[in-house]
Structure formats: structure tokens, C-alpha cells
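Dropping work-v9.cif in here (mmCIF, C-alpha atoms, pLDDT in the B column; chains and numbers go by the auth columns):
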```
data_structure
#
loop_
_atom_site.group_PDB
_atom_site.id
_atom_site.type_symbol
_atom_site.label_atom_id
_atom_site.label_comp_id
_atom_site.label_asym_id
_atom_site.label_seq_id
_atom_site.Cartn_x
_atom_site.Cartn_y
_atom_site.Cartn_z
_atom_site.B_iso_or_equiv
_atom_site.auth_seq_id
_atom_site.auth_asym_id
ATOM 1 C CA MET A 1 0.000 0.000 0.000 40.00 6 A
ATOM 2 C CA ALA A 2 1.294 3.469 -0.872 51.00 7 A
ATOM 3 C CA ASP A 3 2.234 5.799 1.950 62.00 8 A
ATOM 4 C CA PHE A 4 4.235 8.931 2.589 65.00 9 A
ATOM 5 C CA ALA A 5 7.418 6.903 3.083 69.00 10 A
ATOM 6 C CA LYS A 6 7.473 6.666 -0.714 76.00 11 A
ATOM 7 C CA PHE A 7 7.223 10.433 -1.151 78.00 12 A
ATOM 8 C CA PRO A 8 9.731 12.290 1.050 80.00 13 A
ATOM 9 C CA PHE A 9 8.788 15.923 1.455 86.00 14 A
ATOM 10 C CA PRO A 10 11.690 18.282 0.724 86.00 15 A
ATOM 11 C CA VAL A 11 12.399 21.323 2.865 91.00 16 A
ATOM 12 C CA CYS A 12 10.571 24.177 1.118 93.00 17 A
ATOM 13 C CA HIS A 13 12.098 27.602 1.644 94.00 18 A
ATOM 14 C CA LEU A 14 9.569 30.416 1.861 94.00 19 A
ATOM 15 C CA PRO A 15 9.960 34.185 1.417 91.00 20 A
ATOM 16 C CA GLY A 16 11.742 35.976 4.246 92.00 21 A
ATOM 17 C CA GLY A 17 13.766 32.997 5.431 95.00 22 A
ATOM 18 C CA ALA A 18 10.861 30.876 6.700 96.00 23 A
ATOM 19 C CA SER A 19 10.348 27.272 5.625 96.00 24 A
ATOM 20 C CA VAL A 20 8.066 24.263 5.796 96.00 25 A
ATOM 21 C CA ARG A 21 9.545 20.828 6.499 94.00 26 A
ATOM 22 C CA PRO A 22 8.577 17.445 7.975 92.00 27 A
ATOM 23 C CA LEU A 23 7.769 17.508 11.684 91.00 28 A
ATOM 24 C CA SER A 24 10.726 16.568 13.863 90.00 29 A
ATOM 25 C CA LEU A 25 10.928 15.354 17.444 89.00 30 A
ATOM 26 C CA SER A 26 13.023 18.468 18.063 92.00 31 A
ATOM 27 C CA ASP A 27 9.816 20.522 17.562 92.00 32 A
ATOM 28 C CA THR A 28 8.127 18.889 20.564 92.00 33 A
ATOM 29 C CA ASP A 29 8.925 21.494 23.216 94.00 34 A
ATOM 30 C CA GLU A 30 8.178 24.521 21.028 95.00 35 A
ATOM 31 C CA TRP A 31 4.838 22.998 20.004 93.00 36 A
ATOM 32 C CA PHE A 32 3.923 22.300 23.632 94.00 37 A
ATOM 33 C CA ALA A 33 4.877 25.844 24.653 94.00 38 A
ATOM 34 C CA ILE A 34 2.696 27.395 21.940 95.00 39 A
ATOM 35 C CA VAL A 35 -0.293 25.256 22.906 92.00 40 A
ATOM 36 C CA ARG A 36 -0.070 26.521 26.474 94.00 41 A
ATOM 37 C CA GLU A 37 0.950 30.147 25.892 94.00 42 A
ATOM 38 C CA ASP A 38 -1.375 30.707 22.927 95.00 43 A
ATOM 39 C CA ALA A 39 -4.436 28.879 24.252 94.00 44 A
ATOM 40 C CA ALA A 40 -6.785 31.832 23.772 95.00 45 A
ATOM 41 C CA HIS A 41 -5.878 31.902 20.075 95.00 46 A
ATOM 42 C CA LEU A 42 -5.993 28.142 19.404 94.00 47 A
ATOM 43 C CA HIS A 43 -8.810 26.925 21.660 94.00 48 A
ATOM 44 C CA PRO A 44 -11.832 28.347 19.748 94.00 49 A
ATOM 45 C CA PHE A 45 -11.215 26.246 16.611 93.00 50 A
ATOM 46 C CA LEU A 46 -9.065 23.251 17.642 92.00 51 A
ATOM 47 C CA PHE A 47 -10.692 20.389 19.530 90.00 52 A
ATOM 48 C CA TRP A 48 -7.407 19.347 21.159 87.00 53 A
ATOM 49 C CA ALA A 49 -6.467 22.811 22.466 90.00 54 A
ATOM 50 C CA ASP A 50 -7.283 23.474 26.112 91.00 55 A
ATOM 51 C CA SER A 51 -8.767 26.775 27.231 93.00 56 A
ATOM 52 C CA PRO A 52 -6.594 29.305 29.099 94.00 57 A
ATOM 53 C CA GLU A 53 -8.675 28.643 32.214 95.00 58 A
ATOM 54 C CA ALA A 54 -8.101 24.893 32.048 92.00 59 A
ATOM 55 C CA ILE A 55 -4.374 25.361 31.614 94.00 60 A
ATOM 56 C CA ALA A 56 -4.178 27.829 34.505 93.00 61 A
ATOM 57 C CA ALA A 57 -5.982 25.352 36.759 94.00 62 A
ATOM 58 C CA GLN A 58 -3.596 22.467 36.046 92.00 63 A
ATOM 59 C CA SER A 59 -1.419 21.103 38.831 93.00 64 A
ATOM 60 C CA ALA A 60 2.260 20.338 38.265 92.00 65 A
ATOM 61 C CA ASP A 61 1.438 16.626 37.979 94.00 66 A
ATOM 62 C CA GLU A 62 -1.283 17.289 35.422 92.00 67 A
ATOM 63 C CA LYS A 63 1.078 19.442 33.361 90.00 68 A
ATOM 64 C CA GLU A 64 3.710 16.690 33.449 93.00 69 A
ATOM 65 C CA LYS A 65 1.150 14.082 32.322 92.00 70 A
ATOM 66 C CA GLU A 66 0.001 16.360 29.509 90.00 71 A
ATOM 67 C CA TYR A 67 3.596 16.891 28.378 90.00 72 A
ATOM 68 C CA THR A 68 4.238 13.137 28.353 91.00 73 A
ATOM 69 C CA ALA A 69 1.079 12.565 26.313 89.00 74 A
ATOM 70 C CA HIS A 70 2.168 15.331 23.927 87.00 75 A
ATOM 71 C CA VAL A 71 5.610 13.759 23.433 88.00 76 A
ATOM 72 C CA ASN A 72 3.998 10.413 22.639 88.00 77 A
ATOM 73 C CA TYR A 73 1.605 12.068 20.197 83.00 78 A
ATOM 74 C CA VAL A 74 4.455 13.782 18.339 85.00 79 A
ATOM 75 C CA LYS A 75 6.290 10.462 18.109 85.00 80 A
ATOM 76 C CA GLU A 76 3.177 8.864 16.611 84.00 81 A
ATOM 77 C CA CYS A 77 2.828 11.725 14.120 80.00 82 A
ATOM 78 C CA VAL A 78 6.424 11.346 12.972 76.00 83 A
ATOM 79 C CA ALA A 79 6.057 7.573 12.565 77.00 84 A
ATOM 80 C CA GLU A 80 2.661 7.590 10.805 69.00 85 A
ATOM 81 C CA HIS A 81 2.753 7.064 7.015 65.00 86 A
ATOM 82 C CA ASN A 82 -0.796 7.986 6.003 66.00 87 A
ATOM 83 C CA THR A 83 -0.934 11.206 8.011 79.00 88 A
ATOM 84 C CA PHE A 84 1.867 13.616 7.244 87.00 89 A
ATOM 85 C CA PRO A 85 2.642 16.515 9.634 90.00 90 A
ATOM 86 C CA LEU A 86 4.726 19.427 8.349 94.00 91 A
ATOM 87 C CA SER A 87 6.301 22.069 10.565 95.00 92 A
ATOM 88 C CA ILE A 88 6.006 25.748 9.717 97.00 93 A
ATOM 89 C CA VAL A 89 9.288 27.380 10.736 96.00 94 A
ATOM 90 C CA ASN A 90 9.824 31.149 10.907 95.00 95 A
ATOM 91 C CA ALA A 91 12.877 33.139 9.819 94.00 96 A
ATOM 92 C CA ASP A 92 14.471 32.537 13.228 94.00 97 A
ATOM 93 C CA GLN A 93 14.154 28.776 12.620 93.00 98 A
ATOM 94 C CA GLN A 94 11.550 28.422 15.352 95.00 99 A
ATOM 95 C CA PHE A 95 8.608 26.039 15.089 96.00 100 A
ATOM 96 C CA VAL A 96 5.480 28.241 14.881 97.00 101 A
ATOM 97 C CA GLY A 97 2.751 26.055 13.419 96.00 102 A
ATOM 98 C CA LEU A 98 1.727 22.898 11.635 95.00 103 A
ATOM 99 C CA ILE A 99 0.190 21.711 8.379 96.00 104 A
ATOM 100 C CA GLU A 100 -1.236 18.199 8.481 93.00 105 A
ATOM 101 C CA ILE A 101 -2.049 16.103 5.425 93.00 106 A
ATOM 102 C CA ASN A 102 -4.392 13.129 5.658 91.00 107 A
ATOM 103 C CA MET A 103 -4.248 10.927 2.581 89.00 108 A
ATOM 104 C CA ASP A 104 -6.526 8.562 0.726 90.00 109 A
ATOM 105 C CA PHE A 105 -3.914 7.187 -1.668 87.00 110 A
ATOM 106 C CA GLU A 106 -6.309 4.810 -3.423 90.00 111 A
ATOM 107 C CA ASN A 107 -8.514 7.703 -4.530 94.00 112 A
ATOM 108 C CA LYS A 108 -5.648 10.195 -5.014 93.00 113 A
ATOM 109 C CA LYS A 109 -7.254 12.490 -2.466 95.00 114 A
ATOM 110 C CA GLY A 110 -5.818 14.486 0.410 94.00 115 A
ATOM 111 C CA MET A 111 -7.193 16.633 3.200 96.00 116 A
ATOM 112 C CA ILE A 112 -5.165 19.418 4.782 96.00 117 A
ATOM 113 C CA SER A 113 -5.495 21.267 8.065 95.00 118 A
ATOM 114 C CA TYR A 114 -3.279 23.870 9.674 96.00 119 A
ATOM 115 C CA TRP A 115 -2.686 26.146 12.621 96.00 120 A
ATOM 116 C CA ILE A 116 -0.141 28.819 13.476 96.00 121 A
ATOM 117 C CA SER A 117 0.778 30.833 16.555 96.00 122 A
ATOM 118 C CA SER A 118 -0.867 34.225 16.995 95.00 123 A
ATOM 119 C CA LYS A 119 2.531 35.967 16.783 94.00 124 A
ATOM 120 C CA GLU A 120 2.944 34.805 13.194 95.00 125 A
ATOM 121 C CA THR A 121 -0.550 35.549 11.872 93.00 126 A
ATOM 122 C CA GLY A 122 -1.056 38.230 9.260 91.00 127 A
ATOM 123 C CA LYS A 123 2.383 37.728 7.680 92.00 128 A
ATOM 124 C CA GLY A 124 1.347 35.488 4.806 94.00 129 A
ATOM 125 C CA LEU A 125 3.297 32.597 6.273 95.00 130 A
ATOM 126 C CA VAL A 126 0.448 30.059 6.263 95.00 131 A
ATOM 127 C CA THR A 127 -0.533 31.059 2.719 96.00 132 A
ATOM 128 C CA ALA A 128 3.025 30.563 1.458 96.00 133 A
ATOM 129 C CA ALA A 129 3.430 27.292 3.343 96.00 134 A
ATOM 130 C CA CYS A 130 0.115 25.870 2.089 97.00 135 A
ATOM 131 C CA ASN A 131 0.922 26.858 -1.502 97.00 136 A
ATOM 132 C CA ALA A 132 4.241 25.024 -1.239 96.00 137 A
ATOM 133 C CA VAL A 133 2.490 21.931 0.126 96.00 138 A
ATOM 134 C CA LEU A 134 -0.167 22.038 -2.608 96.00 139 A
ATOM 135 C CA ASP A 135 2.499 22.302 -5.313 95.00 140 A
ATOM 136 C CA TRP A 136 4.156 19.177 -3.902 94.00 141 A
ATOM 137 C CA LEU A 137 0.891 17.249 -3.531 94.00 142 A
ATOM 138 C CA PHE A 138 0.059 17.899 -7.183 94.00 143 A
ATOM 139 C CA LEU A 139 3.404 16.622 -8.511 92.00 144 A
ATOM 140 C CA PRO A 140 2.788 13.481 -10.599 89.00 145 A
ATOM 141 C CA ASP A 141 3.335 10.068 -9.068 84.00 146 A
ATOM 142 C CA GLU A 142 6.120 9.213 -11.491 77.00 147 A
ATOM 143 C CA PRO A 143 9.801 8.255 -11.140 68.00 148 A
ATOM 144 C CA ASN A 144 11.885 11.208 -9.947 71.00 149 A
ATOM 145 C CA SER A 145 8.887 13.561 -9.698 72.00 150 A
ATOM 146 C CA GLY A 146 8.961 13.587 -5.898 76.00 151 A
ATOM 147 C CA GLY A 147 5.211 13.924 -5.412 85.00 152 A
ATOM 148 C CA PRO A 148 2.201 11.724 -4.607 89.00 153 A
ATOM 149 C CA GLY A 149 0.133 12.758 -7.625 90.00 154 A
ATOM 150 C CA VAL A 150 -2.919 13.938 -5.705 95.00 155 A
ATOM 151 C CA VAL A 151 -5.939 14.889 -7.818 96.00 156 A
ATOM 152 C CA ARG A 152 -8.202 16.409 -5.149 98.00 157 A
ATOM 153 C CA VAL A 153 -7.394 18.266 -1.922 98.00 158 A
ATOM 154 C CA GLU A 154 -10.079 19.006 0.653 98.00 159 A
ATOM 155 C CA LEU A 155 -10.158 21.631 3.360 98.00 160 A
ATOM 156 C CA TRP A 156 -12.822 21.708 6.084 97.00 161 A
ATOM 157 C CA VAL A 157 -13.311 25.076 7.803 97.00 162 A
ATOM 158 C CA CYS A 158 -15.555 25.972 10.725 97.00 163 A
ATOM 159 C CA THR A 159 -18.145 28.470 9.473 97.00 164 A
ATOM 160 C CA ASP A 160 -17.176 30.878 12.276 96.00 165 A
ATOM 161 C CA ASN A 161 -13.475 30.826 11.359 96.00 166 A
ATOM 162 C CA LYS A 162 -13.358 33.886 9.115 96.00 167 A
ATOM 163 C CA LYS A 163 -9.558 33.938 8.805 94.00 168 A
ATOM 164 C CA SER A 164 -9.456 30.355 7.545 96.00 169 A
ATOM 165 C CA ILE A 165 -12.312 31.063 5.129 97.00 170 A
ATOM 166 C CA HIS A 166 -10.323 33.950 3.654 96.00 171 A
ATOM 167 C CA LEU A 167 -7.227 31.740 3.486 96.00 172 A
ATOM 168 C CA ALA A 168 -9.120 29.045 1.569 97.00 173 A
ATOM 169 C CA GLU A 169 -10.202 31.684 -0.933 97.00 174 A
ATOM 170 C CA ARG A 170 -6.643 33.029 -1.310 96.00 175 A
ATOM 171 C CA LEU A 171 -5.395 29.497 -1.951 97.00 176 A
ATOM 172 C CA GLY A 172 -7.870 29.070 -4.802 97.00 177 A
ATOM 173 C CA PHE A 173 -10.138 26.525 -3.139 98.00 178 A
ATOM 174 C CA THR A 174 -13.751 26.189 -4.263 98.00 179 A
ATOM 175 C CA LEU A 175 -16.598 26.137 -1.740 98.00 180 A
ATOM 176 C CA GLU A 176 -18.622 22.963 -2.327 98.00 181 A
ATOM 177 C CA GLY A 177 -21.122 23.175 0.504 98.00 182 A
ATOM 178 C CA THR A 178 -21.743 23.251 4.234 98.00 183 A
ATOM 179 C CA ALA A 179 -21.973 20.250 6.554 98.00 184 A
ATOM 180 C CA ARG A 180 -24.261 21.021 9.479 98.00 185 A
ATOM 181 C CA CYS A 181 -23.258 19.889 12.968 97.00 186 A
ATOM 182 C CA ARG A 182 -20.123 18.209 11.612 97.00 187 A
ATOM 183 C CA GLU A 183 -18.026 18.517 14.774 96.00 188 A
ATOM 184 C CA CYS A 184 -18.548 18.659 18.509 96.00 189 A
ATOM 185 C CA LEU A 185 -16.110 21.413 19.443 95.00 190 A
ATOM 186 C CA HIS A 186 -15.676 21.829 23.202 94.00 191 A
ATOM 187 C CA GLY A 187 -19.226 20.628 23.813 94.00 192 A
ATOM 188 C CA LYS A 188 -20.882 22.658 21.043 95.00 193 A
ATOM 189 C CA MET A 189 -21.926 21.345 17.630 97.00 194 A
ATOM 190 C CA VAL A 190 -20.474 23.457 14.834 97.00 195 A
ATOM 191 C CA ASP A 191 -20.981 23.611 11.071 98.00 196 A
ATOM 192 C CA HIS A 192 -18.129 23.305 8.584 98.00 197 A
ATOM 193 C CA HIS A 193 -17.660 24.546 5.046 98.00 198 A
ATOM 194 C CA LEU A 194 -16.153 22.027 2.622 98.00 199 A
ATOM 195 C CA TYR A 195 -13.612 23.495 0.200 98.00 200 A
ATOM 196 C CA SER A 196 -11.751 21.619 -2.513 98.00 201 A
ATOM 197 C CA LYS A 197 -8.970 22.229 -4.985 98.00 202 A
ATOM 198 C CA ILE A 198 -8.406 20.064 -8.059 98.00 203 A
ATOM 199 C CA ASN A 199 -4.978 19.398 -9.534 96.00 204 A
ATOM 200 C CA PRO A 200 -4.719 21.944 -12.392 92.00 205 A
ATOM 201 C CA LYS A 201 -3.077 19.287 -14.575 87.00 206 A
ATOM 202 C CA GLN A 202 -5.996 16.907 -14.160 78.00 207 A
#
```
Could you spell out this file's structure in C-alpha cells?
Amino acid sequence: MADFAKFPFPVCHLPGGASVRPLSLSDTDEWFAIVREDAAHLHPFLFWADSPEAIAAQSADEKEKEYTAHVNYVKECVAEHNTFPLSIVNADQQFVGLIEINMDFENKKGMISYWISSKETGKGLVTAACNAVLDWLFLPDEPNSGGPGVVRVELWVCTDNKKSIHLAERLGFTLEGTARCRECLHGKMVDHHLYSKINPKQ
């Protein structure tokens, strides 16, 4: 069965000295720090992000258990071959966000998701990183091409996430429809827009 082990993702250099590259275990601590320090920014739209209040209420033992669970999760992400996590790295070579690709190789279809720290928003970094990832996904699955030959890429966006909606539009995705009550996000059912982008060479 095909997997990402067959298609190594190259380090993609972005404008201004930033880059996007495969997630590394060395990113673990920076990722954990962002999740805790930037909770108010991440919590509203990410099911795994704790609220600032929950983080503030944690005991030292609870924080240690959460860190251990986080380390194990990063290890699983790095080892997984059908889900591909990519680190967004700023000009100072600091981990500042993540793009995740979930693949259906049989149907040549991928789904992407992303997040970035609040300090790096508004700089065009996610747009540049996603464009680089899309270019790679659309490379043909042929010898020496370096890409998986994806035909369709999907992007699900919470209908309240205006910034991600604007990003989908900038990336050239097409709105296909809205799925009602698609996700239970922190105890509340939320609707999602489904966007797609088709390989221009298809």
C-alpha cells in the first residue's frame, strides 16, 4: 500500500527565510509551549487545544502528564505514514505552526489542516506554506517527480473561522457546501464549510 514513506517531502524555503519541512521530534517542546501560551488563540477552533482557564488550573502533575502525552503524540505523528505533519518554521528557525495532510492514496485524495501561533498571523506565512504543500501534492506520481500525484485536496473550515475562510479563498479553493453539525467542538456542535482544490493538470 502506498504511503508517505514513498514520497519524502523536501524542505521548502519560503519568502523571508521561513520554511516548511517534515515535523521533527526536536519541535516537541516549542509545540507544547505554543499550545499553552497561545491557548486563547488556538482553543476556539481546535478540539485538542485546552482553554486558558483549564491550563491555569492544572497542577504540576497534570502538566507533566500532559507533556508526556504530547511527546507520545508527536512520536506517533512522525512515525505515521498515512498522516503527514509538516512544521512551519519562521525566519528565526523556530517552530510556529503545523500543516497536516491526511491521505486517501487509493482515490488520489488528500485533506489538509493547519494552525499557526498568533505571533505569526497576518504575515502570509500560512498562505506561502500551504501553496508550497499544494504544489508538492500535485506533482505526478512518477519516477523522480517527488510527489504523490494527488488529484483532489479538501479543506474543512468551521463556518465561524473567518480567517481560515479567507485563506481558503486566497489558496484558490472552491466552496462545495456546508456540513451542518459536523463537529462537537468543546461541547458545542459546529458547522463546517467544505472546500476543494483540483490538480490543475488533471
Margin query: Which residues are close to Pro15 (chain A), i.e. within 12 Å by all atoms listed in the file, leaving aside same-chain residues fewer than 4 positions away? Reply as number ranges by chain.
Written below: A: 24-28, 91-92, 137-138, 140-142, 150-152
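Going from CA of Phe37 (chain A) over to CA of Gly127 (chain A), you cover 22.0 Å.
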Next item on the list: Report as JSON, numbers by chain the residues that result from applying the PyMOL selection byres ((chain A and resi 44) around 7) to the structure here.
Entry: {"A": [40, 41, 42, 43, 45, 46, 47, 48, 54, 55, 56, 57]}
Please produce a file of those selected residues containing C-alpha atoms, as a PDB file, in the coordinates of the input.
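So the final result, stored in selection.pdb, reads:
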```pdb
ATOM      1  CA  VAL A  40      -0.293  25.256  22.906  1.00 92.00           C
ATOM      2  CA  ARG A  41      -0.070  26.521  26.474  1.00 94.00           C
ATOM      3  CA  GLU A  42       0.950  30.147  25.892  1.00 94.00           C
ATOM      4  CA  ASP A  43      -1.375  30.707  22.927  1.00 95.00           C
ATOM      5  CA  ALA A  45      -6.785  31.832  23.772  1.00 95.00           C
ATOM      6  CA  HIS A  46      -5.878  31.902  20.075  1.00 95.00           C
ATOM      7  CA  LEU A  47      -5.993  28.142  19.404  1.00 94.00           C
ATOM      8  CA  HIS A  48      -8.810  26.925  21.660  1.00 94.00           C
ATOM      9  CA  ALA A  54      -6.467  22.811  22.466  1.00 90.00           C
ATOM     10  CA  ASP A  55      -7.283  23.474  26.112  1.00 91.00           C
ATOM     11  CA  SER A  56      -8.767  26.775  27.231  1.00 93.00           C
ATOM     12  CA  PRO A  57      -6.594  29.305  29.099  1.00 94.00           C
TER      13      PRO A  57
END
```
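With all atoms listed in the file as the atoms that count, the minimum distance from Gln98 (chain A) to the choices A:Phe50, A:Asp146, A:Ser31, A:Ile117 is reached by A:Ser31.
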Item checked: Residues in the PyMOL selection byres ((chain A and resi 71-73) around 12), expressed as a VMD selection string -> chain A and resid 33 to 38 40 to 41 53 to 55 60 63 to 70 74 to 80
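When CA of Phe52 (chain A) is paired with CA of Leu190 (chain A), their separation reads 5.5 Å.
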Edge lengths and centre in Å to one decimal, as JSON, of the axis-aligned box that encloses all listed atoms of region 162-171 of chain A with 8 Å added on every side?
```
{"center_x": -13.8, "center_y": 29.5, "center_z": 8.0, "size_x": 24.7, "size_y": 24.9, "size_z": 24.6}
```
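Straight-line separation from CA of Ala59 (chain A) to CA of Asn166 (chain A): 22.2 Å.
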Check: For this file, the PyMOL selection byres ((chain A and resi 109-115) around 7) selects which residues, as a ChimeraX atom specification?
Finding: /A:7,106-108,116-117,154-159
Export of the given selection (C-alpha atoms) as a compact mmCIF listing (two decimals), keeping the file's coordinate frame:
```
# COMPACT_ATOMS: atom_id res chain seq x y z
CA ALA A 7 1.29 3.47 -0.87
CA ILE A 106 -2.05 16.10 5.42
CA ASN A 107 -4.39 13.13 5.66
CA MET A 108 -4.25 10.93 2.58
CA MET A 116 -7.19 16.63 3.20
CA ILE A 117 -5.16 19.42 4.78
CA GLY A 154 0.13 12.76 -7.62
CA VAL A 155 -2.92 13.94 -5.70
CA VAL A 156 -5.94 14.89 -7.82
CA ARG A 157 -8.20 16.41 -5.15
CA VAL A 158 -7.39 18.27 -1.92
CA GLU A 159 -10.08 19.01 0.65
```
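Each of A:Pro205, A:Gly102, A:Gly177, A:Gly192 was compared to Phe143 (chain A) using only C-alpha atoms, and A:Pro205 turns out to be the nearest.
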Checklist line | Shell of 9 Å around Asp196 (chain A), all atoms listed in the file, local chain residues under 6 positions omitted, as a PyMOL selection string | finding: chain A and resi 162-165+183-188
Would you write out those residues with C-alpha atoms, as an mmCIF file, in the coordinates of the input?
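File written: again_10.cif
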```
data_model
loop_
_atom_site.group_PDB
_atom_site.id
_atom_site.type_symbol
_atom_site.label_atom_id
_atom_site.label_comp_id
_atom_site.auth_asym_id
_atom_site.auth_seq_id
_atom_site.Cartn_x
_atom_site.Cartn_y
_atom_site.Cartn_z
ATOM 1 C CA VAL A 162 -13.311 25.076 7.803
ATOM 2 C CA CYS A 163 -15.555 25.972 10.725
ATOM 3 C CA THR A 164 -18.145 28.470 9.473
ATOM 4 C CA ASP A 165 -17.176 30.878 12.276
ATOM 5 C CA THR A 183 -21.743 23.251 4.234
ATOM 6 C CA ALA A 184 -21.973 20.250 6.554
ATOM 7 C CA ARG A 185 -24.261 21.021 9.479
ATOM 8 C CA CYS A 186 -23.258 19.889 12.968
ATOM 9 C CA ARG A 187 -20.123 18.209 11.612
ATOM 10 C CA GLU A 188 -18.026 18.517 14.774
#
```
Next item on the list: Mind checking which residues fall within 9 Å of Tyr119 (chain A), counting all atoms listed in the file, ignoring those fewer than 5 positions away in the same chain, and posting them as a PyMOL selection string?
Entry: chain A and resi 102-106+131+135
Writing out the chosen residues with C-alpha atoms as an mmCIF file, keeping the file's coordinate frame:
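Done, and the output landed in selection20.cif:
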```
data_model
loop_
_atom_site.group_PDB
_atom_site.id
_atom_site.type_symbol
_atom_site.label_atom_id
_atom_site.label_comp_id
_atom_site.auth_asym_id
_atom_site.auth_seq_id
_atom_site.Cartn_x
_atom_site.Cartn_y
_atom_site.Cartn_z
ATOM 1 C CA GLY A 102 2.751 26.055 13.419
ATOM 2 C CA LEU A 103 1.727 22.898 11.635
ATOM 3 C CA ILE A 104 0.190 21.711 8.379
ATOM 4 C CA GLU A 105 -1.236 18.199 8.481
ATOM 5 C CA ILE A 106 -2.049 16.103 5.425
ATOM 6 C CA VAL A 131 0.448 30.059 6.263
ATOM 7 C CA CYS A 135 0.115 25.870 2.089
#
```
Check: Between A:Tyr200, A:Trp120, A:Phe12, A:Trp161, which has the minimum distance to Glu181 (chain A) (counting all atoms listed in the file)?
Finding: A:Tyr200
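Those DNA, RNA and protein residues that approach the point (-6.8, 34.1, 2.8) to within 12 Å, considering only C-alpha atoms, are Thr126, Gly127, Lys128, Gly129, Leu130, Val131, Thr132, Ala133, Cys135, Asn136, Asn166, Lys167, Lys168, Ser169, Ile170, His171, Leu172, Ala173, Glu174, Arg175, Leu176, Gly177 and Phe178 of chain A.
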Limited to C-alpha atoms, could you put the picked residues into a file as a PDB file, keeping the file's coordinate frame?
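Output (out-v4.pdb):
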```pdb
ATOM      1  CA  THR A 126      -0.550  35.549  11.872  1.00 93.00           C
ATOM      2  CA  GLY A 127      -1.056  38.230   9.260  1.00 91.00           C
ATOM      3  CA  LYS A 128       2.383  37.728   7.680  1.00 92.00           C
ATOM      4  CA  GLY A 129       1.347  35.488   4.806  1.00 94.00           C
ATOM      5  CA  LEU A 130       3.297  32.597   6.273  1.00 95.00           C
ATOM      6  CA  VAL A 131       0.448  30.059   6.263  1.00 95.00           C
ATOM      7  CA  THR A 132      -0.533  31.059   2.719  1.00 96.00           C
ATOM      8  CA  ALA A 133       3.025  30.563   1.458  1.00 96.00           C
ATOM      9  CA  CYS A 135       0.115  25.870   2.089  1.00 97.00           C
ATOM     10  CA  ASN A 136       0.922  26.858  -1.502  1.00 97.00           C
ATOM     11  CA  ASN A 166     -13.475  30.826  11.359  1.00 96.00           C
ATOM     12  CA  LYS A 167     -13.358  33.886   9.115  1.00 96.00           C
ATOM     13  CA  LYS A 168      -9.558  33.938   8.805  1.00 94.00           C
ATOM     14  CA  SER A 169      -9.456  30.355   7.545  1.00 96.00           C
ATOM     15  CA  ILE A 170     -12.312  31.063   5.129  1.00 97.00           C
ATOM     16  CA  HIS A 171     -10.323  33.950   3.654  1.00 96.00           C
ATOM     17  CA  LEU A 172      -7.227  31.740   3.486  1.00 96.00           C
ATOM     18  CA  ALA A 173      -9.120  29.045   1.569  1.00 97.00           C
ATOM     19  CA  GLU A 174     -10.202  31.684  -0.933  1.00 97.00           C
ATOM     20  CA  ARG A 175      -6.643  33.029  -1.310  1.00 96.00           C
ATOM     21  CA  LEU A 176      -5.395  29.497  -1.951  1.00 97.00           C
ATOM     22  CA  GLY A 177      -7.870  29.070  -4.802  1.00 97.00           C
ATOM     23  CA  PHE A 178     -10.138  26.525  -3.139  1.00 98.00           C
TER      24      PHE A 178
END
```
